[in-house]
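Structure record follows, encoded as structure tokens.
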Amino acid sequence: MIKFLDLLGINQQHKEELKEAFERVLDSGWYIMGKELKQFEANFAKYCNVKHAIGVANGLDALILIIRAYKEMGIFRDGDEVLVPSNTYIASILAISANNLVPVLVEPNIETYNIDPSLIESKISDKTKAILPVHLYGQLCDMESISIIANKYGLKVIEDCAQAHGAKRWDKQAGSFGDAAGFSFYPGKNLGALGDAGMITTNDDELAATLRALLNYGSHIKYENKYKGINSRLDELQAALLDVKLKNLNAETAARRIVANRYLSEVVNPKIVLPNVIDQNAHVWHLFVVRTNDREHLQKYLADNKIQTVIHYPIPPHKQEAYKELKHLSLPISEKIHGEVLSLPISPVMSKEEVSTVVRVLNDY
Ligand SMILES: *Cc1c(COP(=O)(O)O)cnc(C)c1O
């Protein structure tokens with residue numbers, strides 16, 4: 001069986017270093033808000049080339065807290081609108097509605113699967129306060145066009161970087177294009193913890209200070225609470241493990257690119273639509289997503305040939321029961337994408353032989 005994602009294989013590459021980090025944390029007797037978190041935050045801030053990196057409990061909390069902080073700062077209010085791609089993972093949208101703001105869905109570009117900047121302006125109203133671009137599948141959005149629109153209308157830009165750790169364009173890293181960004185270190189992400197974890201990046205000092213209080217019960221000074229905050233801390237153990245894996249992230253991205261480039265050049269079946277790459281550095285291949293008219297048939301054929309695939313994502317957010325209020329929307333591009341996408345196996349530990357097998361089986365389809 002060729003696994004969709006060999007998580008065990010990925011983490012076993014770093015087994016000795018991860019065990020050392022675990023032992024260091026165990027023996028320190030200090031498990032929350034200590035020097036491991038400080039170190040990892042400093043290293044991640046440097047990696048993204050931003051002033052602040054703030055550890056949180058998971059990627060959803062990262063996005064929820066950014067929006068919450070802008071509310072506490074008086075920049076967003078209940079009922080304000082946030083533009084978000086209609087084909088994203090549900091978490092991007094949950095972060096908006098969790099704060100009593102309104103998600104306004106914008107269709108993606110069919111070539112990149114990312115929010116289509118040419119459709120953004122027509123969705124802007126006097127309630128619009130932010131754009132939440134999602135670098136879906138690991139490819140950066142057209143941040144240049146998005147920034148121009150955001151500046152013109154005075155909107156905040158909040159990047160969802162959950163799938164794009166290390167993606168780069170014009171020497172700028174994912175997480176440094178917007179006013180703030182949320183990262184997820186869910187185990188299956190390109191930089192994955194051995195559990196849940198997340199991070200916020202920003203260059204804004206006031207936002208950073210607000211976030212640091214909000215994630216810790218709203219407390220800015222011990223036992224003094226400025227806000228009605230939450231507990232969303234990134235613990236010492238996950239921070240220590242993630243710091244080990246951060247050192248290897250660029251090498252793992254390079255390994256993903258080798259797999260992706262082989263699929264791109266060797267899969268030549270006209271029934272299969274391959275992804276478009278805007279710029280090699282701007283794509284970190286969290287997922288390698290193809291499209292086909294008869295997806296269920298292709299998925300079964302691959303399974304019969306012992307190749308595991310996953311659908312990201314089968315149901316568009318506006319068709320989810322949780323978002324009944326959006327179900328009247330007509331979003332034909334999203335609906336087409338959700339009906340046709342299939343994610344092929346990809347990981348930094350996939351062998352040459354495994355890639356060759358996937359290519360051969362796809363070309364025989
Ligand atoms: C994974 C993911 C999230 C949420 O991250 P968690 O750490 O699982 O909460 C948010 N947005 C996108 C696009 C994701 O892929």
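Naming scheme: A, B, ... for chains in displayed order of the structure tokens; residues 1 onward per chain; ligands 1 onward as shown.
Within region 154-256 of chain A, DSSP applied to the backbone places the following residues in strand (DSSP E or B): Lys156, Val157, Ile158, Glu159, Asp160, Lys168, Arg169, Lys172, Gln173, Ala180, Ala181, Gly182, Phe183, Ser184, Gly198, Met199, Ile200, Thr201, Thr202, Asn216, Ser219, His220, Ile221, Glu224, Asn225 and Asn231 of chain A.
The list of residues with at least one atom within 12 Å of region 122-125 of chain A, based on only C-alpha atoms and without residues fewer than 4 positions apart in the same chain, reads A:Gly79, A:Asp80, A:Glu81, A:Val82, A:Leu83, A:Val84, A:Pro85, A:Val102, A:Pro103, A:Val104, A:Leu105, A:Val106, A:Glu107, A:Asp116, A:Pro117, A:Ser118, A:Lys129, A:Ala130, A:Ile131, A:Ile149, A:Ala150, A:Lys152, A:Tyr153, A:Gly154, A:Leu155.
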Just C-alpha atoms for this one: save the residues we selected as a PDB file, in the first residue's frame.
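Result file follows (result.pdb):
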ATOM      1  CA  GLY A  79     -21.446  42.056  12.207  1.00  0.00           C
ATOM      2  CA  ASP A  80     -18.404  43.235  10.253  1.00  0.00           C
ATOM      3  CA  GLU A  81     -17.575  41.291   7.120  1.00  0.00           C
ATOM      4  CA  VAL A  82     -14.466  39.290   6.253  1.00  0.00           C
ATOM      5  CA  LEU A  83     -13.772  38.115   2.704  1.00  0.00           C
ATOM      6  CA  VAL A  84     -12.642  34.494   2.585  1.00  0.00           C
ATOM      7  CA  PRO A  85     -12.249  31.941  -0.231  1.00  0.00           C
ATOM      8  CA  VAL A 102     -19.748  37.531   8.846  1.00  0.00           C
ATOM      9  CA  PRO A 103     -17.850  35.406   6.333  1.00  0.00           C
ATOM     10  CA  VAL A 104     -18.341  36.652   2.773  1.00  0.00           C
ATOM     11  CA  LEU A 105     -17.344  33.898   0.375  1.00  0.00           C
ATOM     12  CA  VAL A 106     -15.272  34.740  -2.694  1.00  0.00           C
ATOM     13  CA  GLU A 107     -14.760  32.178  -5.441  1.00  0.00           C
ATOM     14  CA  ASP A 116      -9.526  35.165  -7.158  1.00  0.00           C
ATOM     15  CA  PRO A 117      -8.396  38.777  -6.629  1.00  0.00           C
ATOM     16  CA  SER A 118     -10.470  39.957  -9.600  1.00  0.00           C
ATOM     17  CA  LYS A 129     -12.982  44.982   7.442  1.00  0.00           C
ATOM     18  CA  ALA A 130     -10.605  42.269   6.293  1.00  0.00           C
ATOM     19  CA  ILE A 131      -9.514  39.777   3.670  1.00  0.00           C
ATOM     20  CA  ILE A 149      -7.029  46.052  -2.823  1.00  0.00           C
ATOM     21  CA  ALA A 150      -6.584  45.955   0.967  1.00  0.00           C
ATOM     22  CA  LYS A 152      -7.212  50.899  -1.347  1.00  0.00           C
ATOM     23  CA  TYR A 153     -10.112  50.028   1.001  1.00  0.00           C
ATOM     24  CA  GLY A 154      -8.236  50.095   4.328  1.00  0.00           C
ATOM     25  CA  LEU A 155      -8.760  46.389   5.020  1.00  0.00           C
TER      26      LEU A 155
END
Can you list, as a VMD selection string, all residues belonging to region 11-253 of chain A that DSSP tags as alpha helix (DSSP H)? chain A and resid 11 to 12 15 to 28 35 to 48 59 to 72 90 to 97 143 to 153 205 to 214 236 to 247 249 to 253
What residues have any atom no more than 7 Å from ligand 1 when counting only C-alpha atoms and all ligand atoms, and can you list them as a ChimeraX atom specification? /A:58-61,88-89,91-92,134,136,160-163,184-186,196-198
Please identify all polymer residues within 12 Å of Gly192 (chain A), counting only C-alpha atoms, omitting same-chain residues fewer than 6 positions from it, and present them as a list in words.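 Near Gly192 (chain A), the qualifying residues are Leu7, Leu8, Ile10, Asn11, Asn58, Gly59, Ala162, Gln163, Ala164, His165, Phe183, Ser184, Phe185, Tyr186, Gly198, Met199, Gln238, Ala239, Leu241, Leu242, Asp243, Val244, Lys245, Leu246, Asn248, Leu249, Glu252 and His286 of chain A.
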Write the residues of the selection above to a file with C-alpha atoms, as a PDB file, in the first residue's frame.
ATOM      1  CA  LEU A   7       3.385  10.365   9.237  1.00  0.00           C
ATOM      2  CA  LEU A   8       5.274   7.689  11.150  1.00  0.00           C
ATOM      3  CA  ILE A  10       8.263  11.499   8.676  1.00  0.00           C
ATOM      4  CA  ASN A  11       8.685  11.601  12.449  1.00  0.00           C
ATOM      5  CA  ASN A  58      -3.836  25.081  17.341  1.00  0.00           C
ATOM      6  CA  GLY A  59      -4.369  26.683  13.945  1.00  0.00           C
ATOM      7  CA  ALA A 162      -1.970  26.373   7.843  1.00  0.00           C
ATOM      8  CA  GLN A 163      -0.894  24.663   4.600  1.00  0.00           C
ATOM      9  CA  ALA A 164       1.968  26.921   3.529  1.00  0.00           C
ATOM     10  CA  HIS A 165       4.870  26.852   6.013  1.00  0.00           C
ATOM     11  CA  PHE A 183      -0.259  28.702  11.246  1.00  0.00           C
ATOM     12  CA  SER A 184      -1.300  25.193  12.225  1.00  0.00           C
ATOM     13  CA  PHE A 185       1.117  22.493  13.385  1.00  0.00           C
ATOM     14  CA  TYR A 186      -1.506  19.736  13.252  1.00  0.00           C
ATOM     15  CA  GLY A 198      -0.375  26.628  16.246  1.00  0.00           C
ATOM     16  CA  MET A 199       1.333  29.994  15.806  1.00  0.00           C
ATOM     17  CA  GLN A 238       5.261  20.528  21.526  1.00  0.00           C
ATOM     18  CA  ALA A 239       7.431  23.644  21.195  1.00  0.00           C
ATOM     19  CA  LEU A 241       9.535  18.906  19.305  1.00  0.00           C
ATOM     20  CA  LEU A 242       8.545  21.499  16.705  1.00  0.00           C
ATOM     21  CA  ASP A 243      11.885  23.267  17.083  1.00  0.00           C
ATOM     22  CA  VAL A 244      13.621  20.021  16.090  1.00  0.00           C
ATOM     23  CA  LYS A 245      11.390  19.676  13.045  1.00  0.00           C
ATOM     24  CA  LEU A 246      11.704  23.352  12.018  1.00  0.00           C
ATOM     25  CA  ASN A 248      14.502  20.176   8.802  1.00  0.00           C
ATOM     26  CA  LEU A 249      11.576  21.980   7.218  1.00  0.00           C
ATOM     27  CA  GLU A 252      11.515  18.358   3.706  1.00  0.00           C
ATOM     28  CA  HIS A 286       1.251  20.402   1.397  1.00  0.00           C
TER      29      HIS A 286
END
Quick one: residues within 7 Å of Val341 (chain A), only C-alpha atoms, excluding same-chain residues fewer than 2 positions away - as a VMD selection string? chain A and resid 289 to 292 311 to 312 337 to 339 343
So that I can see what lies close to region 263-276 of chain A, please list as an NGL selection string the residues with an atom at most 12 Å from it, counting only C-alpha atoms and leaving out residues fewer than 6 positions away in the same chain. :A and (109-114 or 136-140 or 256-257 or 282-283 or 285 or 287-295 or 297-299 or 337 or 340-346 or 352 or 354-365)
Rank A:Asn87, A:Asn203, A:Thr128, A:Ser351 by their smallest atom-to-atom distance to Lys46 (chain A), using only C-alpha atoms, and report the top residue only. A:Asn203
